[in-house]
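The block underneath contains the structure these notes are about, expressed in structure tokens.
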Amino acid sequence: MINKARASLIAALVLAGNVHAAVPKHIDGMSRTTRMHASQALACSQRLGRHPDLLIVADMRLPSSAKRLWAIDTRSGEILVRTEVAHGRGSDPGRQGLAQVFSNTPGSLMTSVGLYAIAEPYRNTKDGSTRRRLDGLMPGFNDAARERAVVLHPARYVRDGWAGHSEGCPAVSYAVMDQLNDRGLDNAILWIEGDQEGLAEAVASCSMTKPTHRFRWPWQKLPTKPEWKPDASDAVNPMFDIQAEGFCPVRTDLVWFSQEAPLFANLAGDRWPLAMW
């Protein structure tokens, strides 16, 4: 009995050690602050009753040409995938390959930052690919993901060394999506990193740890949460149909082809208070 109890204790300690070692102390290409936020996101998900065995981190602070998405086995700490990922076209109004602003607003075409649970799969009827719906777990940051039809899906505009713009979805290449599906996404979470006011405090509060901030000069300010302004002309506002088979916004108006660039959301100050975790 004593030996069995000792074995059980050792096994529990090993499992606990794997949890703490889930996010390696050094990950090639990932900054220390992003790594810390990802670790806090994992702890947050555990406090919410989830025990994921796969953590996907997308650092949207990096340029779209960089391999800025990592898939991490939380049991072994192994980096399973490192690849490119697309950000929303609304987050990059200057078309510079950098996500500069983020939003939770439907119709903004922007990426939403924060912690997601990777939810149920569905099959796209156009290309036969298996995609995943996403549930945003951070009110005010990404909890409109379902309403916005933000999903994890493959796209032809993502390839080695380059990623185009999505409509707000974290899109990867077809080959990478196959890898992730083969690995298993039934018990996985996604952390999308980005410079947005209050994000570091929110994930720290949820994980019951101290906020981790990047160094900034006094004149460097984080972008506030943007708001889609309703007084913008309907002629240039993007209009969408949510297609069940694709489950990602598809542009249906003809203005897209007649304008050089669509009108994106304007910064209008804070709209959502920080949630109390």
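Each chain in the structure tokens gets a letter, A, B, ..., in the order shown, and its residues are numbered from 1; ligands are numbered from 1 in order too.
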Strand (DSSP E) call set, DSSP backbone run, segment 43-184 of chain A, as number ranges by chain: A: 54-59, 69-73, 79-83, 87-88, 114-123, 130-136, 151-154, 158-159, 162-163, 165-166, 171-172
Residues near Arg183 of chain A, cut-off 12 Å, only C-alpha atoms, skip fewer than 3 positions along chain, as a list in words: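 Those residues are Asp53, Leu54, Leu55, Ala71, Ile72, Asp73, Leu80, Val81, Val176, Met177, Asp178, Gln179, Leu180, Asp186, Asn187 and Ala188 of chain A.
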From A:Trp191, A:Lys210, A:Thr125, A:Asp160, residue lying nearest Arg35 of chain A [only C-alpha atoms]: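 Nearest to Arg35 of chain A: A:Trp191.
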Contact residues around segment 42-47 of chain A with only C-alpha atoms at 7 Å, ignoring same-chain residues under 6 positions, as a ChimeraX atom specification: /A:203,206-207
Export of the given selection (all heavy atoms) as a compact mmCIF listing (two decimals), in the first residue's frame:
```txt
# COMPACT_ATOMS: atom_id res chain seq x y z
N VAL A 203 -5.59 39.20 -18.64
CA VAL A 203 -5.12 37.82 -18.57
C VAL A 203 -4.39 37.56 -17.25
O VAL A 203 -4.45 36.46 -16.70
CB VAL A 203 -4.23 37.47 -19.79
CG1 VAL A 203 -2.88 38.15 -19.71
CG2 VAL A 203 -4.07 35.96 -19.92
N CYS A 206 -7.13 37.01 -14.62
CA CYS A 206 -7.74 35.69 -14.75
C CYS A 206 -6.82 34.59 -14.21
O CYS A 206 -7.28 33.62 -13.61
CB CYS A 206 -8.08 35.42 -16.20
SG CYS A 206 -8.81 33.80 -16.50
N SER A 207 -5.52 34.74 -14.44
CA SER A 207 -4.56 33.72 -14.00
C SER A 207 -4.05 33.95 -12.59
O SER A 207 -3.23 33.17 -12.08
CB SER A 207 -3.37 33.68 -14.97
OG SER A 207 -2.69 34.93 -14.99
```
Go through segment 163-215 of chain A residue by residue and, counting only C-alpha atoms, keep those with an atom at most 9 Å from segment 135-150 of chain A; for each kept residue give the shortest atom pair and its distance in Å to one decimal, ordered by chain and increasing number, as a Markdown table.
```
| residue | atom | partner | partner_atom | distance |
| --- | --- | --- | --- | --- |
| A:Glu167 | CA | A:Val150 | CA | 8.3 |
| A:Gly168 | CA | A:Val150 | CA | 6.4 |
| A:Cys169 | CA | A:Val150 | CA | 4.9 |
| A:Pro170 | CA | A:Val150 | CA | 7.8 |
| A:Leu199 | CA | A:Phe141 | CA | 7.9 |
| A:Ala202 | CA | A:Met138 | CA | 8.1 |
| A:Val203 | CA | A:Met138 | CA | 8.5 |
```
Residue with smallest distance to Leu109 of chain A - pool A:Pro93, A:Gly164, A:Gly184, A:Pro63, counting only C-alpha atoms: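 For Leu109 of chain A, the nearest of the candidates is A:Pro93.
Comparing A:Asp59, A:Glu78, A:Asp92, A:Asp182 by their smallest distance to Thr33 of chain A, the closest is A:Asp59 (using only C-alpha atoms).
Rounded to one decimal, atom CA of Met60 of chain A and atom CA of Tyr157 of chain A lie 16.7 Å from each other.
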Exercise: Leu185 of chain A partners within 9 Å, only C-alpha atoms, chain neighbours under 6 positions left out, as a ChimeraX atom specification: /A:53-54,118-121,132
Write out, as a PDB file, in the first residue's frame, the residues just selected, with all heavy atoms.
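Now in selection_39.pdb:
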```pdb
ATOM      1  N   ASP A  53      -4.566  20.148 -23.841  1.00  0.00           N
ATOM      2  CA  ASP A  53      -3.286  19.488 -24.113  1.00  0.00           C
ATOM      3  C   ASP A  53      -2.588  20.100 -25.323  1.00  0.00           C
ATOM      4  O   ASP A  53      -1.527  19.638 -25.720  1.00  0.00           O
ATOM      5  CB  ASP A  53      -3.466  17.976 -24.290  1.00  0.00           C
ATOM      6  CG  ASP A  53      -4.511  17.626 -25.329  1.00  0.00           C
ATOM      7  OD1 ASP A  53      -4.673  18.382 -26.300  1.00  0.00           O
ATOM      8  OD2 ASP A  53      -5.172  16.579 -25.176  1.00  0.00           O
ATOM      9  N   LEU A  54      -3.191  21.152 -25.903  1.00  0.00           N
ATOM     10  CA  LEU A  54      -2.547  21.871 -27.002  1.00  0.00           C
ATOM     11  C   LEU A  54      -2.791  23.363 -26.833  1.00  0.00           C
ATOM     12  O   LEU A  54      -3.932  23.796 -26.652  1.00  0.00           O
ATOM     13  CB  LEU A  54      -3.092  21.405 -28.350  1.00  0.00           C
ATOM     14  CG  LEU A  54      -2.371  21.977 -29.582  1.00  0.00           C
ATOM     15  CD1 LEU A  54      -0.949  21.417 -29.683  1.00  0.00           C
ATOM     16  CD2 LEU A  54      -3.140  21.666 -30.858  1.00  0.00           C
ATOM     17  N   ILE A 118     -10.827  26.441 -28.780  1.00  0.00           N
ATOM     18  CA  ILE A 118     -11.077  25.896 -30.113  1.00  0.00           C
ATOM     19  C   ILE A 118     -12.250  24.933 -29.995  1.00  0.00           C
ATOM     20  O   ILE A 118     -12.195  23.964 -29.237  1.00  0.00           O
ATOM     21  CB  ILE A 118      -9.814  25.219 -30.672  1.00  0.00           C
ATOM     22  CG1 ILE A 118      -8.722  26.280 -30.836  1.00  0.00           C
ATOM     23  CG2 ILE A 118     -10.115  24.524 -31.981  1.00  0.00           C
ATOM     24  CD1 ILE A 118      -7.418  25.766 -31.393  1.00  0.00           C
ATOM     25  N   ALA A 119     -13.305  25.219 -30.730  1.00  0.00           N
ATOM     26  CA  ALA A 119     -14.581  24.525 -30.552  1.00  0.00           C
ATOM     27  C   ALA A 119     -14.802  23.475 -31.644  1.00  0.00           C
ATOM     28  O   ALA A 119     -13.855  22.908 -32.178  1.00  0.00           O
ATOM     29  CB  ALA A 119     -15.718  25.546 -30.504  1.00  0.00           C
ATOM     30  N   GLU A 120     -16.064  23.225 -31.972  1.00  0.00           N
ATOM     31  CA  GLU A 120     -16.422  22.088 -32.814  1.00  0.00           C
ATOM     32  C   GLU A 120     -15.933  22.246 -34.258  1.00  0.00           C
ATOM     33  O   GLU A 120     -15.810  23.357 -34.770  1.00  0.00           O
ATOM     34  CB  GLU A 120     -17.941  21.878 -32.802  1.00  0.00           C
ATOM     35  CG  GLU A 120     -18.739  22.898 -33.599  1.00  0.00           C
ATOM     36  CD  GLU A 120     -19.075  24.158 -32.812  1.00  0.00           C
ATOM     37  OE1 GLU A 120     -18.501  24.342 -31.718  1.00  0.00           O
ATOM     38  OE2 GLU A 120     -19.888  24.947 -33.304  1.00  0.00           O
ATOM     39  N   PRO A 121     -15.652  21.118 -34.896  1.00  0.00           N
ATOM     40  CA  PRO A 121     -15.229  21.156 -36.301  1.00  0.00           C
ATOM     41  C   PRO A 121     -16.426  21.226 -37.237  1.00  0.00           C
ATOM     42  O   PRO A 121     -17.550  20.889 -36.859  1.00  0.00           O
ATOM     43  CB  PRO A 121     -14.488  19.832 -36.472  1.00  0.00           C
ATOM     44  CG  PRO A 121     -15.183  18.902 -35.531  1.00  0.00           C
ATOM     45  CD  PRO A 121     -15.607  19.750 -34.349  1.00  0.00           C
ATOM     46  N   ARG A 132     -12.438  24.897 -37.787  1.00  0.00           N
ATOM     47  CA  ARG A 132     -12.823  24.904 -36.380  1.00  0.00           C
ATOM     48  C   ARG A 132     -13.426  26.234 -35.987  1.00  0.00           C
ATOM     49  O   ARG A 132     -12.855  27.299 -36.250  1.00  0.00           O
ATOM     50  CB  ARG A 132     -11.598  24.633 -35.496  1.00  0.00           C
ATOM     51  CG  ARG A 132     -11.130  23.194 -35.522  1.00  0.00           C
ATOM     52  CD  ARG A 132     -11.972  22.333 -34.602  1.00  0.00           C
ATOM     53  NE  ARG A 132     -11.521  20.945 -34.596  1.00  0.00           N
ATOM     54  CZ  ARG A 132     -11.807  20.078 -33.646  1.00  0.00           C
ATOM     55  NH1 ARG A 132     -12.539  20.449 -32.607  1.00  0.00           N
ATOM     56  NH2 ARG A 132     -11.380  18.845 -33.712  1.00  0.00           N
TER      57      ARG A 132
END
```
For Met110 of chain A, please output as a PDB file with N, CA, C and O atoms, in the first residue's frame all residues within 7 Å (counting only C-alpha atoms; exclusion window: fewer than 3 positions along the same chain).
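To be explicit, this is the file written out as out36.pdb:
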```pdb
ATOM      1  N   GLY A  88      -6.571  39.995 -39.720  1.00  0.00           N
ATOM      2  CA  GLY A  88      -7.680  40.628 -40.408  1.00  0.00           C
ATOM      3  C   GLY A  88      -7.247  41.874 -41.174  1.00  0.00           C
ATOM      4  O   GLY A  88      -6.421  42.648 -40.710  1.00  0.00           O
ATOM      5  N   ARG A  89      -7.846  42.063 -42.346  1.00  0.00           N
ATOM      6  CA  ARG A  89      -7.478  43.215 -43.175  1.00  0.00           C
ATOM      7  C   ARG A  89      -7.800  44.537 -42.486  1.00  0.00           C
ATOM      8  O   ARG A  89      -7.115  45.530 -42.688  1.00  0.00           O
ATOM      9  N   GLY A  90      -8.806  44.551 -41.635  1.00  0.00           N
ATOM     10  CA  GLY A  90      -9.145  45.767 -40.922  1.00  0.00           C
ATOM     11  C   GLY A  90      -8.104  46.172 -39.896  1.00  0.00           C
ATOM     12  O   GLY A  90      -8.015  47.334 -39.509  1.00  0.00           O
ATOM     13  N   SER A  91      -7.304  45.208 -39.437  1.00  0.00           N
ATOM     14  CA  SER A  91      -6.240  45.495 -38.476  1.00  0.00           C
ATOM     15  C   SER A  91      -5.018  46.113 -39.137  1.00  0.00           C
ATOM     16  O   SER A  91      -4.103  46.563 -38.447  1.00  0.00           O
ATOM     17  N   PHE A 102      -6.920  46.354 -33.176  1.00  0.00           N
ATOM     18  CA  PHE A 102      -7.712  45.143 -33.010  1.00  0.00           C
ATOM     19  C   PHE A 102      -9.114  45.507 -32.551  1.00  0.00           C
ATOM     20  O   PHE A 102      -9.326  46.547 -31.921  1.00  0.00           O
ATOM     21  N   SER A 103     -10.066  44.626 -32.852  1.00  0.00           N
ATOM     22  CA  SER A 103     -11.446  44.940 -32.505  1.00  0.00           C
ATOM     23  C   SER A 103     -12.271  43.684 -32.313  1.00  0.00           C
ATOM     24  O   SER A 103     -12.014  42.648 -32.934  1.00  0.00           O
ATOM     25  N   GLU A 167     -10.591  38.060 -43.181  1.00  0.00           N
ATOM     26  CA  GLU A 167     -11.675  38.947 -42.776  1.00  0.00           C
ATOM     27  C   GLU A 167     -11.770  39.033 -41.247  1.00  0.00           C
ATOM     28  O   GLU A 167     -12.795  39.434 -40.712  1.00  0.00           O
ATOM     29  N   GLY A 168     -10.683  38.646 -40.583  1.00  0.00           N
ATOM     30  CA  GLY A 168     -10.640  38.661 -39.128  1.00  0.00           C
ATOM     31  C   GLY A 168     -10.288  37.308 -38.539  1.00  0.00           C
ATOM     32  O   GLY A 168     -10.012  37.198 -37.344  1.00  0.00           O
TER      33      GLY A 168
END
```
Interatomic distance (Å, one decimal) between atom CA of Asp127 of chain A and atom CA of Val151 of chain A: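 If I compute the distance from atom CA of Asp127 of chain A to atom CA of Val151 of chain A, I get 15.6 Å.
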Atom CA of Arg82 of chain A to atom CA of Val172 of chain A, distance in Å rounded to a single decimal: 10.8 Å
Nearest-residue call for Pro211 of chain A, choices A:Ala41, A:Ser166, A:Leu69, A:His26, using only C-alpha atoms: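 Checking each of A:Ala41, A:Ser166, A:Leu69, A:His26 against Pro211 of chain A, counting only C-alpha atoms, the winner is A:Ala41.
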